[in-house]
Amino acid sequence: MSRDKHLPLTETVYYILLALLEPAHGYLIMQKVEELSAGQVRMAAGTLYGAVDNLLKQKFIQPTASEDSRRKVYVITDLGREMLRQDYERMRHMIEVTNMQWGKEELLHEKI
Amino acid sequence: MKKYKFFTNLDQEEQWLNDMARQGYLLVRKSLGYQFERSVPEEANYRIDFRTFKNQRDFEDYVALFEDSGWTHVAGTKGSGAQYFKQNGDQGNEDIFSDADSKAARYQRISDMWMTLCCCFIPIFAALISTDAIDASVILKPQSLYYTPGLWEMSGPRFWQAFLFETPFALFRGIVWMVIPVMIIVYSVFAYKAKKEYDKSQQQ
């Protein structure tokens, strides 16, 4: 199976897509990303704007109706969901095989 | 107070604006020059982004995001490209970018802008050449730029008077089209410089 050329997603893109399962405007995305990553990923305004711009071009997210006249609100698209799912599968596989390899290693040490 | 300066490196430009603030001059507008307003000297933190926007709504949304994150948009318009931000509160030392790639991407956009300008002038230049509006042979035959009848048959003070009188007009006729190739060269130099800054900041 050939993998989509957009994969793997970067850490920031992954968290932005995850945050946009619910509609949000720019600053709210920043806050959600920080919260979802347990404070690990803190994005600055310029970086977030560029990332959102790229995701719009790739059609992973789209603008949605907003009550705020100044702030645009975005939400994930079906394509974005699919990317998120594929990257999740990729990471889950990595975790599974890592656990397996570590398990083998431990067994080996116990025998010695 | 108005100051004219040209930067190809954005870090140096930010640094210079911080220095000006330390001397009590705060940036209020930027068009061709920098417009400063006298105020109390302060430790400011200016940051520059480079973006143009398709419409006013996109621009507003962009400015709102920065304002929400603790920045004041001090200068720049929808189509100006350079956007100047100042961090709210004092003693701040944050950046508007949180990774090297997005910070470097500014230079890519600057380079693209110069290249676009450059590409606009090339067809104009080509059109002028192909319609014979530009006659490059005047470089070899500058006397053809003088239109005074019988000028070259005159002699003595009469010749010099007529010759010197027409020289500024002749120069203008001969040189004015040069503006276009000069612009093409200048724009490509700027595009190249921005590209070099991009490569440099990518390596860091």
# chains A, B, ... in the order shown; residues from 1 in each chain; ligands from 1
>>> residues_around(residues="segment 25-39 of chain A", least_positions_apart="3", cutoff="6 Å", atoms="only C-alpha atoms", output="VMD selection string")
(chain A and resid 15 19 42 72 to 73) or (chain B and resid 65)
>>> write_last_selection(atoms="N, CA and C atoms", output="PDB file, in the first residue's frame")
ATOM      1  N   TYR A  15      -1.954  18.056  15.812  1.00  0.00           N
ATOM      2  CA  TYR A  15      -2.720  18.674  16.900  1.00  0.00           C
ATOM      3  C   TYR A  15      -3.742  19.695  16.373  1.00  0.00           C
ATOM      4  N   ALA A  19      -7.624  19.469  17.003  1.00  0.00           N
ATOM      5  CA  ALA A  19      -8.346  20.589  17.619  1.00  0.00           C
ATOM      6  C   ALA A  19      -9.552  20.979  16.771  1.00  0.00           C
ATOM      7  N   ARG A  42       3.563  24.802  21.954  1.00  0.00           N
ATOM      8  CA  ARG A  42       3.070  26.175  22.088  1.00  0.00           C
ATOM      9  C   ARG A  42       3.369  26.905  20.790  1.00  0.00           C
ATOM     10  N   LYS A  72     -12.135  34.464  11.547  1.00  0.00           N
ATOM     11  CA  LYS A  72     -12.630  33.352  10.735  1.00  0.00           C
ATOM     12  C   LYS A  72     -12.604  32.069  11.561  1.00  0.00           C
ATOM     13  N   VAL A  73     -13.607  31.235  11.328  1.00  0.00           N
ATOM     14  CA  VAL A  73     -13.699  29.975  12.063  1.00  0.00           C
ATOM     15  C   VAL A  73     -13.469  28.828  11.082  1.00  0.00           C
TER      16      VAL A  73
ATOM     17  N   LEU B  65      -5.911  37.665  15.060  1.00  0.00           N
ATOM     18  CA  LEU B  65      -5.178  36.545  15.654  1.00  0.00           C
ATOM     19  C   LEU B  65      -3.972  37.047  16.456  1.00  0.00           C
TER      20      LEU B  65
END
>>> interface_residues(of="chain A", to="chain B", cutoff="7 Å", atoms="only C-alpha atoms", output="PyMOL selection string")
chain A and resi 26-27+43-47+50+70-72
>>> write_last_selection(atoms="C-alpha atoms", output="mmCIF file, in the first residue's frame")
data_model
loop_
_atom_site.group_PDB
_atom_site.id
_atom_site.type_symbol
_atom_site.label_atom_id
_atom_site.label_comp_id
_atom_site.auth_asym_id
_atom_site.auth_seq_id
_atom_site.Cartn_x
_atom_site.Cartn_y
_atom_site.Cartn_z
ATOM 1 C CA GLY A 26 -7.148 31.061 15.187
ATOM 2 C CA TYR A 27 -6.465 31.913 18.809
ATOM 3 C CA MET A 43 2.510 27.842 18.746
ATOM 4 C CA ALA A 44 3.168 31.507 18.060
ATOM 5 C CA ALA A 45 0.675 33.562 16.004
ATOM 6 C CA GLY A 46 2.758 33.793 12.811
ATOM 7 C CA THR A 47 3.489 30.086 12.768
ATOM 8 C CA GLY A 50 1.016 29.905 8.143
ATOM 9 C CA ARG A 70 -13.476 39.675 12.499
ATOM 10 C CA ARG A 71 -12.301 36.147 13.262
ATOM 11 C CA LYS A 72 -12.630 33.352 10.735
#
>>> residues_around(residues="Val75 of chain A", least_positions_apart="2", cutoff="6 Å", atoms="only C-alpha atoms", output="list in words")
Leu20, Pro23, Ile61 and Gln62 of chain A
>>> write_last_selection(atoms="C-alpha atoms", output="JSON list (two decimals), in the first residue's frame")
[["chain", "number", "residue", "atom", "x", "y", "z"],
["A", 20, "LEU", "CA", -10.50, 21.29, 14.55],
["A", 23, "PRO", "CA", -14.95, 24.52, 14.80],
["A", 61, "ILE", "CA", -9.66, 22.16, 6.85],
["A", 62, "GLN", "CA", -12.23, 24.66, 5.60]]
>>> closest_residue(among="B:Ser31, B:Trp177, B:Met115, B:Phe190", to="Ser80 of chain B", atoms="only C-alpha atoms")
B:Ser31
>>> select_by_dssp(residues="segment 31-61 of chain B", states="strand (DSSP E or B)", output="list in words")
Tyr34, Gln35, Phe36, Glu37, Arg38, Tyr46, Arg47, Ile48, Asp49, Phe50 and Arg51 of chain B
>>> write_last_selection(atoms="C-alpha atoms", output="PDB file, in the first residue's frame")
ATOM      1  CA  TYR B  34       9.443  54.817   8.590  1.00  0.00           C
ATOM      2  CA  GLN B  35       7.218  57.291  10.428  1.00  0.00           C
ATOM      3  CA  PHE B  36       8.137  57.658  14.111  1.00  0.00           C
ATOM      4  CA  GLU B  37       6.434  59.392  16.973  1.00  0.00           C
ATOM      5  CA  ARG B  38       8.337  60.878  19.903  1.00  0.00           C
ATOM      6  CA  TYR B  46       9.088  44.541  17.442  1.00  0.00           C
ATOM      7  CA  ARG B  47       8.570  41.597  15.101  1.00  0.00           C
ATOM      8  CA  ILE B  48       8.027  41.618  11.368  1.00  0.00           C
ATOM      9  CA  ASP B  49       6.013  39.230   9.249  1.00  0.00           C
ATOM     10  CA  PHE B  50       5.625  39.372   5.480  1.00  0.00           C
ATOM     11  CA  ARG B  51       2.218  38.651   3.980  1.00  0.00           C
TER      12      ARG B  51
END
>>> decode(residues="segment 133-161 of chain B", atoms="C-alpha atoms", output="PDB file, in the first residue's frame")
ATOM      1  CA  ALA B 133      10.462  51.631 -29.423  1.00  0.00           C
ATOM      2  CA  ILE B 134      13.890  51.045 -27.935  1.00  0.00           C
ATOM      3  CA  ASP B 135      16.787  51.680 -30.247  1.00  0.00           C
ATOM      4  CA  ALA B 136      19.906  50.221 -28.655  1.00  0.00           C
ATOM      5  CA  SER B 137      22.038  51.538 -31.531  1.00  0.00           C
ATOM      6  CA  VAL B 138      22.000  55.011 -29.916  1.00  0.00           C
ATOM      7  CA  ILE B 139      24.731  53.751 -27.596  1.00  0.00           C
ATOM      8  CA  LEU B 140      27.026  53.535 -30.626  1.00  0.00           C
ATOM      9  CA  LYS B 141      25.556  56.582 -32.366  1.00  0.00           C
ATOM     10  CA  PRO B 142      24.683  59.079 -29.632  1.00  0.00           C
ATOM     11  CA  GLN B 143      24.472  61.935 -32.165  1.00  0.00           C
ATOM     12  CA  SER B 144      21.180  60.451 -33.406  1.00  0.00           C
ATOM     13  CA  LEU B 145      19.589  61.614 -30.147  1.00  0.00           C
ATOM     14  CA  TYR B 146      20.019  65.257 -31.179  1.00  0.00           C
ATOM     15  CA  TYR B 147      17.111  66.535 -33.226  1.00  0.00           C
ATOM     16  CA  THR B 148      18.185  70.184 -33.895  1.00  0.00           C
ATOM     17  CA  PRO B 149      18.268  70.564 -37.675  1.00  0.00           C
ATOM     18  CA  GLY B 150      21.754  71.222 -39.033  1.00  0.00           C
ATOM     19  CA  LEU B 151      23.344  70.945 -35.581  1.00  0.00           C
ATOM     20  CA  TRP B 152      26.369  68.990 -36.746  1.00  0.00           C
ATOM     21  CA  GLU B 153      27.086  71.476 -39.561  1.00  0.00           C
ATOM     22  CA  MET B 154      27.290  74.400 -37.129  1.00  0.00           C
ATOM     23  CA  SER B 155      30.590  75.563 -35.708  1.00  0.00           C
ATOM     24  CA  GLY B 156      32.026  77.722 -32.946  1.00  0.00           C
ATOM     25  CA  PRO B 157      29.906  79.218 -30.147  1.00  0.00           C
ATOM     26  CA  ARG B 158      26.710  78.720 -32.136  1.00  0.00           C
ATOM     27  CA  PHE B 159      27.304  74.951 -32.142  1.00  0.00           C
ATOM     28  CA  TRP B 160      28.123  74.801 -28.430  1.00  0.00           C
ATOM     29  CA  GLN B 161      25.094  76.839 -27.497  1.00  0.00           C
TER      30      GLN B 161
END
